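Enquirer: Following this message is one structure expressed as structure tokens.
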Amino acid sequence: MVKTAYKCLIIYACLLLFGFFATRHLQYLLSLSLLYSLVAIGLVILIGYGGLVSFGQGAFYAIGAYSVGLLLKYYGFQNAEILLVLGVLITTLISFLIGLLAARTRKLAFAMITVAFSMIIYTLLVKFYHITGGTDGLRIPAVKLFGILPVRGRDLFMSMSNEYFIIITIFTIILYITEHVINSPLSYALRAVKDAELKAVSLGISPTRVYILAFTYAGFLAGIAGTLYAFLNAHIDPLIAFWTTSGEFVFITILGGITSIYGVFLASILYLFLKTYLIVYTAYYWQFVIGFVILLLILLAPKGLSGIIFKVYIGRKVFRKS
Amino acid sequence: MLEITSLIVIFLNTLIYTVILALISVGLNMVLGVLKILNLSHGVLLAIGAYLSVTFVRSFLSFGLPIYTTYIALGLAGIIAGIFMGFTVEPIILRRIYERVEIQQLLATFALMLILEDVIKLIWGPQSLVIAEPYLYLGNLNIGGISYPLYYVFLMVVGYFILLITYIFLNTTKIGRIIRSTAFDREISLALGVDVKRVYTYAFTIGATLTTLGGSLIAPTLSLQPGFSSEYIVLSFAVVVVGGLGDIKGAFIASLVMALARTITVMVFPELELAIIFIIMLLVLQLRPEGLFKGGR
Amino acid sequence: MVLLDIVNVDVYIGNVHILRKISFNIEKGEVLGLIGPNGAGKTTTLKTIIGLLPLRAGKIVFEGEDISRLPARNRVGKGITYSPEDRRLIADLTVEENILLPCWVSGSMTKSMIEKNLEIVYKIFPEIKEFKDRKAKLISGGQQKMVSIARALVLMPKLVLLDEPSEGLAPIVANRLLRSIEAMKLLGITTIIAESNLRYVKQIADKIVRIERGEIKEVVKNA
């Protein structure tokens, strides 16, 4: 327990340091990476520990973001902390409900349900444009956290941007909490169900209940990420709910080694920085480059590797730390 | 609201949407049923067929050929695109991942989707393309006061014809039965002397060609933009899940159901147009997780 | 002359060592009984001969040619066929389509050849004629067994591998099968029968090979 706290503090210190010296743009990128990691961490629990591939985390990400956006638009809350809490609550509640629906299914059916949910949210966001702004999206003005700190701006020490500070703080706290979830009975139960469902049932573990919990937690994380995204980006649009965004989250999770939190952390940084610079240099063809690299890695990995290739690459690098 | 003309329009629109969805989903299911792999990039074949049609139609016209030959151009483009993709993608990429864990296959086909989408952009550019000639040339039909483009009728006739031939092929020819046998039980087919590798390539090519032809057929009705197939991709998955994984007639019936639902929804509650398909899928998954029909999977 | 020679063959399924250095051979026209309890490795042996399982060591020689690396479909082309223990028919095809499938696959048989072979097969199992147009999923287990064996015979192969052929067959039919195998000998067909029922096989086997836990325990010439 102490070791975890230690690890998180070190990470926090590094992030802080980075914030003091990096440019605003770099801080933005890192912030976005942290948000993506949050979603991916939820997937680590779902896919890595539970064996359930969810292609729908983008939906919760979007629900988080649009909760903030719509609450602002229609109720005019000026308190960031209220928006945050409400946004996360709404998302967590919805993910619990969807979890109830999806937890009885496995594998492909589960994936399809999550895709469906992602696409339903997407179409709702697009079609109800008088409410949501449709494909034009919503603007998120910079409200204040606890009445003093605007969620976007440069009011802190040296060149650290407000949004960056908020995000790294929340991220580190969540990281700490999740480490405990990973080492809790829940995660062991999850793994038991994943490996041998019948045996787990005979041990008194209810797979459905365990899955609902895991799914809700993943939704909770995606919700946090989504609400923070609204503050970070100042603008949100329905594309974050499209199934391909959910695909990005899944990809990052796999890239990071599926079962490693720190792995997905590194993976999301890698992915987002790569994507950003690829878009700058190759404009329309960045997907091609990424796709090509993935394919190459998969094809060249030794045949019959049970488990996932990247696990060896990034996971090992990171497992040495823990 | 429900006068005769509305009903006719619902009927026709349903038929069109059905045939397009079916060409994609049946193709997807062929690959799924025989090769046992869920090809996330399958929907991009729709775009490939469509974009190649643009090239063919424009070339035909630039050579001064009369407009009625553009229909041949469409057919040729669809077939050539399908055969080309079938004989390259399957041996070069898919063949290497048959033995892999499902997640790797998922990721690989996802990567393939990214690659193919951008390849389209690389070849045809990011701007939107239009080939309206085949569509306009046929003019409009007058159905009870409504002006209905004759091209849509052409689309339906050709589309259903293609589906029919495929059905006949799979059910009456020797090769068709060999393909079905391989889909049903790969191991025993091996022991019966079947060249399973070749069957896989043929099956994939057939599935791909169905979809590329679908793309060719709808090309004259749309303004083609990169990524336009993303929507169809995810819809075809919904169809396949509802119809039963790997079940070809299931895919057709599911396409019909989804198309009908969509057409009615568009008239009654337009905002839910796309969502309804997923809602139906969710319902079916709750009531009957294997889909409406038992497939090869 | 020796038709098939299995030499020191090791077979693994995953990481489990199933067949341990097995060796035996069979002469042309012989009927070989592969006897052993359940799990002894009989099916694995047959599957290895037909090419569904790779061998890790040793070799298989058929008609003087090393076929150890040859894919299954080529082995069928060389004249080896297989009837599995669990029938494995194609459910949605009719019985006759199931039987004819190997002929269609082979591609080198003329229509008259196919008809002739089909006639012979129907002579061995006249019962099949009654349900030949029914879908394979609609017939009983015993009927499916007959069809599975018929399917293995329709090519008039040089070597036919039968896995537990008597299982599920009515005694009359099982006995007629034995007679047919003897008749097949005259047609030049060599047979390997994998069975747990020694008494059944002893009636016609020229050679008995006993296998237990993946090892050949003894090879006995039968009276």
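Naming works like this for the structure tokens: A, B, ... for the chains as they're shown, residue 1 at the start of each chain, ligands 1 onward in shown order.
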Quick one: residues within 8 Å of segment 202-217 of chain C, only C-alpha atoms, excluding same-chain residues fewer than 3 positions away - as a PyMOL selection string?
Expert: chain C and resi 18-24+30-37+39-42+178+182+198-199+220-223
Enquirer: Residues of chain B within 9 Å of chain A, counting only C-alpha atoms - could you list those as an NGL selection string?
Expert: :B and (93 or 96-97 or 99-101 or 103-105 or 107-119 or 121-122 or 125-126 or 230 or 234 or 237-238 or 241 or 270-279 or 281-282 or 285-286 or 289-290)
Enquirer: Output C-alpha atoms of each residue in that selection to a file, as a compact mmCIF listing (two decimals), in the first residue's frame.
Expert:
# COMPACT_ATOMS: atom_id res chain seq x y z
CA ILE B 93 -2.80 -10.65 -44.69
CA ARG B 96 -1.34 -15.16 -41.60
CA ILE B 97 -3.76 -14.49 -38.81
CA GLU B 99 -4.23 -19.18 -36.14
CA ARG B 100 -4.04 -16.12 -33.95
CA VAL B 101 -5.93 -15.16 -30.85
CA ILE B 103 -7.95 -10.01 -30.22
CA GLN B 104 -5.01 -10.07 -32.58
CA GLN B 105 -7.36 -10.80 -35.47
CA LEU B 107 -6.70 -5.60 -34.18
CA ALA B 108 -5.26 -6.73 -37.49
CA THR B 109 -8.50 -6.23 -39.38
CA PHE B 110 -8.99 -2.92 -37.59
CA ALA B 111 -5.53 -1.87 -38.78
CA LEU B 112 -6.43 -3.07 -42.25
CA MET B 113 -9.49 -0.84 -42.14
CA LEU B 114 -7.37 2.17 -41.28
CA ILE B 115 -4.95 1.34 -44.06
CA LEU B 116 -7.58 0.80 -46.72
CA GLU B 117 -9.47 3.94 -45.84
CA ASP B 118 -6.37 6.01 -46.28
CA VAL B 119 -5.32 4.15 -49.40
CA LYS B 121 -7.67 8.85 -49.92
CA LEU B 122 -4.20 8.42 -51.35
CA GLY B 125 -7.91 12.22 -52.93
CA PRO B 126 -9.87 13.63 -50.00
CA SER B 230 -17.86 3.79 -41.72
CA VAL B 234 -21.08 -0.81 -38.21
CA PHE B 237 -22.21 -5.83 -38.03
CA ALA B 238 -25.54 -5.17 -36.45
CA VAL B 241 -25.39 -10.21 -35.29
CA PRO B 270 -36.47 10.74 -38.14
CA GLU B 271 -34.01 11.41 -35.34
CA LEU B 272 -33.87 7.76 -34.49
CA GLU B 273 -33.05 6.69 -38.03
CA LEU B 274 -29.69 5.05 -37.35
CA ALA B 275 -30.31 4.35 -33.72
CA ILE B 276 -33.28 2.09 -34.43
CA ILE B 277 -31.07 -0.48 -36.06
CA PHE B 278 -28.95 -0.74 -32.97
CA ILE B 279 -31.97 -0.77 -30.75
CA MET B 281 -29.97 -5.42 -32.37
CA LEU B 282 -29.97 -4.91 -28.63
CA LEU B 285 -29.39 -9.95 -28.38
CA GLN B 286 -31.43 -9.94 -25.21
CA PRO B 289 -28.24 -14.09 -28.36
CA GLU B 290 -27.28 -16.35 -31.25
Enquirer: List the spatial neighbours of segment 65-81 of chain C as a PyMOL selection string - criterion: any atom at most 10 Å away, only C-alpha atoms, same-chain residues fewer than 3 positions off excluded.
Expert: (chain B and resi 187+189-196) or (chain C and resi 3-6+9+46-62+84+102+105-106+108+149+151-162+189-191)
Enquirer: Give the strand (DSSP E) residues of segment 62-141 of chain C, as DSSP finds them on the backbone, and put them as a PyMOL selection string.
Expert: chain C and resi 62+65-66+80-83
Enquirer: Write the selection just made, keeping C-alpha atoms, as a PDB file, in the first residue's frame?
Expert:
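Just written: result_27.pdb:
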ATOM      1  CA  PHE C  62       3.140 -44.810 -48.347  1.00  0.00           C
ATOM      2  CA  GLU C  65       7.023 -42.456 -50.760  1.00  0.00           C
ATOM      3  CA  ASP C  66       7.620 -40.378 -47.650  1.00  0.00           C
ATOM      4  CA  ILE C  80      -5.938 -42.670 -48.436  1.00  0.00           C
ATOM      5  CA  THR C  81      -9.359 -41.965 -46.970  1.00  0.00           C
ATOM      6  CA  TYR C  82     -10.685 -41.617 -43.459  1.00  0.00           C
ATOM      7  CA  SER C  83     -13.961 -42.276 -41.689  1.00  0.00           C
TER       8      SER C  83
END
Enquirer: Dump as JSON lines the rows for residues of chain B within 12 Å of chain C: closest atom pair and distance in Å with one decimal, only C-alpha atoms counted, ordered by chain and rising residue number.
Expert:
{"residue": "B:Leu170", "atom": "CA", "partner": "C:Leu93", "partner_atom": "CA", "distance": 11.4}
{"residue": "B:Asn171", "atom": "CA", "partner": "C:Leu93", "partner_atom": "CA", "distance": 9.2}
{"residue": "B:Thr172", "atom": "CA", "partner": "C:Leu93", "partner_atom": "CA", "distance": 10.5}
{"residue": "B:Thr173", "atom": "CA", "partner": "C:Trp104", "partner_atom": "CA", "distance": 10.0}
{"residue": "B:Lys174", "atom": "CA", "partner": "C:Trp104", "partner_atom": "CA", "distance": 6.3}
{"residue": "B:Ile175", "atom": "CA", "partner": "C:Trp104", "partner_atom": "CA", "distance": 8.0}
{"residue": "B:Gly176", "atom": "CA", "partner": "C:Trp104", "partner_atom": "CA", "distance": 10.7}
{"residue": "B:Arg177", "atom": "CA", "partner": "C:Leu93", "partner_atom": "CA", "distance": 7.8}
{"residue": "B:Ile178", "atom": "CA", "partner": "C:Val105", "partner_atom": "CA", "distance": 7.3}
{"residue": "B:Ile179", "atom": "CA", "partner": "C:Val105", "partner_atom": "CA", "distance": 10.5}
{"residue": "B:Arg180", "atom": "CA", "partner": "C:Ile90", "partner_atom": "CA", "distance": 8.4}
{"residue": "B:Ser181", "atom": "CA", "partner": "C:Ile90", "partner_atom": "CA", "distance": 6.0}
{"residue": "B:Thr182", "atom": "CA", "partner": "C:Ile90", "partner_atom": "CA", "distance": 9.1}
{"residue": "B:Ala183", "atom": "CA", "partner": "C:Ile90", "partner_atom": "CA", "distance": 9.6}
{"residue": "B:Phe184", "atom": "CA", "partner": "C:Ile90", "partner_atom": "CA", "distance": 6.6}
{"residue": "B:Asp185", "atom": "CA", "partner": "C:Ile90", "partner_atom": "CA", "distance": 7.2}
{"residue": "B:Arg186", "atom": "CA", "partner": "C:Ile90", "partner_atom": "CA", "distance": 10.3}
{"residue": "B:Glu187", "atom": "CA", "partner": "C:Leu52", "partner_atom": "CA", "distance": 7.2}
{"residue": "B:Ile188", "atom": "CA", "partner": "C:Arg88", "partner_atom": "CA", "distance": 6.7}
{"residue": "B:Ser189", "atom": "CA", "partner": "C:Arg73", "partner_atom": "CA", "distance": 8.8}
{"residue": "B:Leu190", "atom": "CA", "partner": "C:Arg73", "partner_atom": "CA", "distance": 6.0}
{"residue": "B:Ala191", "atom": "CA", "partner": "C:Ala72", "partner_atom": "CA", "distance": 5.9}
{"residue": "B:Leu192", "atom": "CA", "partner": "C:Pro102", "partner_atom": "CA", "distance": 5.5}
{"residue": "B:Gly193", "atom": "CA", "partner": "C:Arg73", "partner_atom": "CA", "distance": 3.8}
{"residue": "B:Val194", "atom": "CA", "partner": "C:Arg73", "partner_atom": "CA", "distance": 5.8}
{"residue": "B:Asp195", "atom": "CA", "partner": "C:Arg73", "partner_atom": "CA", "distance": 6.2}
{"residue": "B:Val196", "atom": "CA", "partner": "C:Arg73", "partner_atom": "CA", "distance": 8.6}
{"residue": "B:Lys197", "atom": "CA", "partner": "C:Arg73", "partner_atom": "CA", "distance": 10.6}
{"residue": "B:Arg198", "atom": "CA", "partner": "C:Arg73", "partner_atom": "CA", "distance": 11.6}
{"residue": "B:Val199", "atom": "CA", "partner": "C:Val105", "partner_atom": "CA", "distance": 11.0}
{"residue": "B:Gly295", "atom": "CA", "partner": "C:Asp92", "partner_atom": "CA", "distance": 11.4}
{"residue": "B:Gly296", "atom": "CA", "partner": "C:Ala91", "partner_atom": "CA", "distance": 10.8}
Enquirer: Take the residues from that selection and put them in a file with C-alpha atoms, as a short mmCIF file (atom, residue, chain, number, x, y, z; two decimals), in the first residue's frame.
Expert:
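See result_10.cif below for the written result:
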data_model
loop_
_atom_site.label_atom_id
_atom_site.label_comp_id
_atom_site.auth_asym_id
_atom_site.auth_seq_id
_atom_site.Cartn_x
_atom_site.Cartn_y
_atom_site.Cartn_z
CA LEU B 170 -23.84 -21.94 -53.02
CA ASN B 171 -26.73 -24.37 -53.02
CA THR B 172 -26.56 -26.14 -56.34
CA THR B 173 -23.03 -26.19 -57.66
CA LYS B 174 -20.33 -28.61 -56.59
CA ILE B 175 -17.98 -25.83 -55.63
CA GLY B 176 -20.74 -24.19 -53.65
CA ARG B 177 -21.26 -27.35 -51.66
CA ILE B 178 -17.54 -27.72 -51.10
CA ILE B 179 -17.47 -24.19 -49.74
CA ARG B 180 -20.37 -24.94 -47.43
CA SER B 181 -18.72 -28.12 -46.30
CA THR B 182 -15.53 -26.25 -45.47
CA ALA B 183 -17.51 -23.66 -43.55
CA PHE B 184 -19.32 -26.33 -41.60
CA ASP B 185 -16.42 -28.60 -40.72
CA ARG B 186 -13.00 -27.57 -41.79
CA GLU B 187 -11.19 -30.54 -40.38
CA ILE B 188 -13.23 -33.23 -42.05
CA SER B 189 -13.15 -31.27 -45.30
CA LEU B 190 -9.39 -31.47 -45.14
CA ALA B 191 -9.65 -35.22 -44.70
CA LEU B 192 -11.93 -35.41 -47.72
CA GLY B 193 -9.29 -33.85 -49.91
CA VAL B 194 -10.53 -30.27 -50.00
CA ASP B 195 -7.90 -27.63 -50.70
CA VAL B 196 -9.04 -25.50 -47.81
CA LYS B 197 -6.56 -22.74 -48.56
CA ARG B 198 -8.06 -22.20 -51.98
CA VAL B 199 -11.59 -22.44 -50.69
CA GLY B 295 -25.06 -19.90 -38.49
CA GLY B 296 -21.81 -21.64 -39.10
#
Enquirer: Set the distance at 8 Å and use only C-alpha atoms: which residues neighbour segment 26-37 of chain A once local chain neighbours fewer than 2 positions away are removed? I'd like the list as an mmCIF file with C-alpha atoms, in the first residue's frame.
Expert:
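The resulting file, around_23.cif, is shown below:
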data_model
loop_
_atom_site.group_PDB
_atom_site.id
_atom_site.type_symbol
_atom_site.label_atom_id
_atom_site.label_comp_id
_atom_site.auth_asym_id
_atom_site.auth_seq_id
_atom_site.Cartn_x
_atom_site.Cartn_y
_atom_site.Cartn_z
ATOM 1 C CA PHE A 18 6.828 18.468 -16.874
ATOM 2 C CA GLY A 19 4.141 21.073 -16.422
ATOM 3 C CA ALA A 22 6.720 22.250 -21.129
ATOM 4 C CA THR A 23 4.909 24.417 -23.592
ATOM 5 C CA ARG A 24 1.161 24.860 -23.352
ATOM 6 C CA VAL A 39 -10.506 5.350 -20.226
ATOM 7 C CA ALA A 40 -7.939 2.728 -21.123
ATOM 8 C CA ILE A 41 -7.409 1.847 -17.473
ATOM 9 C CA MET A 160 1.824 25.328 -15.857
ATOM 10 C CA SER A 161 -1.638 25.653 -17.308
ATOM 11 C CA GLU A 163 -6.245 22.522 -16.967
ATOM 12 C CA TYR A 164 -3.032 20.530 -16.910
ATOM 13 C CA ILE A 167 -5.994 16.838 -14.814
ATOM 14 C CA ILE A 168 -2.741 15.493 -13.447
ATOM 15 C CA PHE A 171 -5.382 11.446 -12.650
ATOM 16 C CA ALA A 225 -12.163 11.472 -18.519
ATOM 17 C CA GLY A 226 -15.083 12.823 -20.507
ATOM 18 C CA LEU A 228 -12.359 16.644 -17.863
ATOM 19 C CA TYR A 229 -12.165 16.567 -21.641
ATOM 20 C CA LEU A 232 -9.689 20.754 -21.454
ATOM 21 C CA PHE A 249 -9.267 3.279 -26.606
ATOM 22 C CA VAL A 264 -1.580 1.870 -21.103
ATOM 23 C CA PHE A 265 -0.357 5.120 -19.621
ATOM 24 C CA SER A 268 -1.660 6.485 -24.758
ATOM 25 C CA ILE A 269 1.148 9.010 -24.632
ATOM 26 C CA LEU A 272 -1.470 10.543 -29.075
ATOM 27 C CA PHE A 273 1.899 12.102 -29.668
#
Enquirer: Can you tell me, as a VMD selection string, what residues are no more than 6 Å from Gly207 of chain B when counting only C-alpha atoms, ignoring any on the same chain fewer than 2 positions away?
Expert: chain B and resid 27 30 204 to 205 209 to 210
Enquirer: May I ask for the distance between atom CA of Leu270 of chain A and atom CA of Ile174 of chain A, given in Å to one decimal place?
Expert: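 For atom CA of Leu270 of chain A relative to atom CA of Ile174 of chain A, the distance reads 20.7 Å.
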Enquirer: Interatomic distance between atom CA of Phe161 of chain B and atom CA of Gly214 of chain B?
Expert: 11.8 Å
Enquirer: Restricting the calculation to only C-alpha atoms: of C:Glu115, C:Asp163, C:Pro126, C:Val2, which residue gets closest to Ser196 of chain C?
Expert: C:Asp163
Enquirer: Tell me which protein, DNA and RNA residues are within 12 Å of Val68 of chain A, counting only C-alpha atoms, leaving out same-chain ones fewer than 5 positions away, and put them as a ChimeraX atom specification.
Expert: /A:61-63,73-91,132,138-143,223-232,234-236
Enquirer: Store the residues picked out above, limited to C-alpha atoms, as a PDB file, in the first residue's frame.
Expert:
ATOM      1  CA  TYR A  61     -16.610   9.502 -22.550  1.00  0.00           C
ATOM      2  CA  ALA A  62     -19.117  11.448 -24.608  1.00  0.00           C
ATOM      3  CA  ILE A  63     -21.825  11.257 -21.950  1.00  0.00           C
ATOM      4  CA  LYS A  73     -25.985  25.304 -21.448  1.00  0.00           C
ATOM      5  CA  TYR A  74     -29.301  24.736 -19.752  1.00  0.00           C
ATOM      6  CA  TYR A  75     -28.616  25.289 -16.070  1.00  0.00           C
ATOM      7  CA  GLY A  76     -25.703  27.658 -16.235  1.00  0.00           C
ATOM      8  CA  PHE A  77     -23.718  26.100 -13.387  1.00  0.00           C
ATOM      9  CA  GLN A  78     -20.614  28.136 -12.948  1.00  0.00           C
ATOM     10  CA  ASN A  79     -18.977  25.768 -10.525  1.00  0.00           C
ATOM     11  CA  ALA A  80     -16.640  23.341 -12.188  1.00  0.00           C
ATOM     12  CA  GLU A  81     -16.689  20.984  -9.225  1.00  0.00           C
ATOM     13  CA  ILE A  82     -20.451  20.614  -9.392  1.00  0.00           C
ATOM     14  CA  LEU A  83     -20.331  20.007 -13.130  1.00  0.00           C
ATOM     15  CA  LEU A  84     -17.602  17.437 -12.602  1.00  0.00           C
ATOM     16  CA  VAL A  85     -19.420  15.567  -9.910  1.00  0.00           C
ATOM     17  CA  LEU A  86     -22.737  15.616 -11.717  1.00  0.00           C
ATOM     18  CA  GLY A  87     -21.140  14.599 -14.985  1.00  0.00           C
ATOM     19  CA  VAL A  88     -19.399  11.659 -13.375  1.00  0.00           C
ATOM     20  CA  LEU A  89     -22.519  10.655 -11.471  1.00  0.00           C
ATOM     21  CA  ILE A  90     -24.668  10.689 -14.582  1.00  0.00           C
ATOM     22  CA  THR A  91     -22.144   8.681 -16.558  1.00  0.00           C
ATOM     23  CA  THR A 132     -26.632  19.204 -28.656  1.00  0.00           C
ATOM     24  CA  LEU A 138     -20.830  22.580 -28.060  1.00  0.00           C
ATOM     25  CA  ARG A 139     -18.599  25.260 -26.699  1.00  0.00           C
ATOM     26  CA  ILE A 140     -17.486  24.877 -23.122  1.00  0.00           C
ATOM     27  CA  PRO A 141     -16.611  28.181 -21.469  1.00  0.00           C
ATOM     28  CA  ALA A 142     -13.943  28.222 -18.771  1.00  0.00           C
ATOM     29  CA  VAL A 143     -15.840  27.949 -15.525  1.00  0.00           C
ATOM     30  CA  GLY A 223     -16.979   9.575 -17.305  1.00  0.00           C
ATOM     31  CA  ILE A 224     -14.247  11.340 -15.377  1.00  0.00           C
ATOM     32  CA  ALA A 225     -12.163  11.472 -18.519  1.00  0.00           C
ATOM     33  CA  GLY A 226     -15.083  12.823 -20.507  1.00  0.00           C
ATOM     34  CA  THR A 227     -15.968  15.599 -18.087  1.00  0.00           C
ATOM     35  CA  LEU A 228     -12.359  16.644 -17.863  1.00  0.00           C
ATOM     36  CA  TYR A 229     -12.165  16.567 -21.641  1.00  0.00           C
ATOM     37  CA  ALA A 230     -14.969  19.085 -21.863  1.00  0.00           C
ATOM     38  CA  PHE A 231     -12.968  21.460 -19.698  1.00  0.00           C
ATOM     39  CA  LEU A 232      -9.689  20.754 -21.454  1.00  0.00           C
ATOM     40  CA  ALA A 234     -13.303  23.917 -24.720  1.00  0.00           C
ATOM     41  CA  HIS A 235     -15.270  22.271 -27.483  1.00  0.00           C
ATOM     42  CA  ILE A 236     -16.907  18.887 -27.810  1.00  0.00           C
TER      43      ILE A 236
END
Enquirer: Just want the 8 Å neighbourhood of segment 221-227 of chain B, counted on only C-alpha atoms, with same-chain residues fewer than 5 positions away dropped. Output as a list of chain:residue names.
Expert: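 What passes the distance filter is B:Ala47, B:Ala50, B:Tyr51, B:Glu117, B:Ile120, B:Lys121, B:Pro126, B:Gln127, B:Ser128, B:Leu129, B:Val130, B:Ile131, B:Ala132, B:Tyr135.
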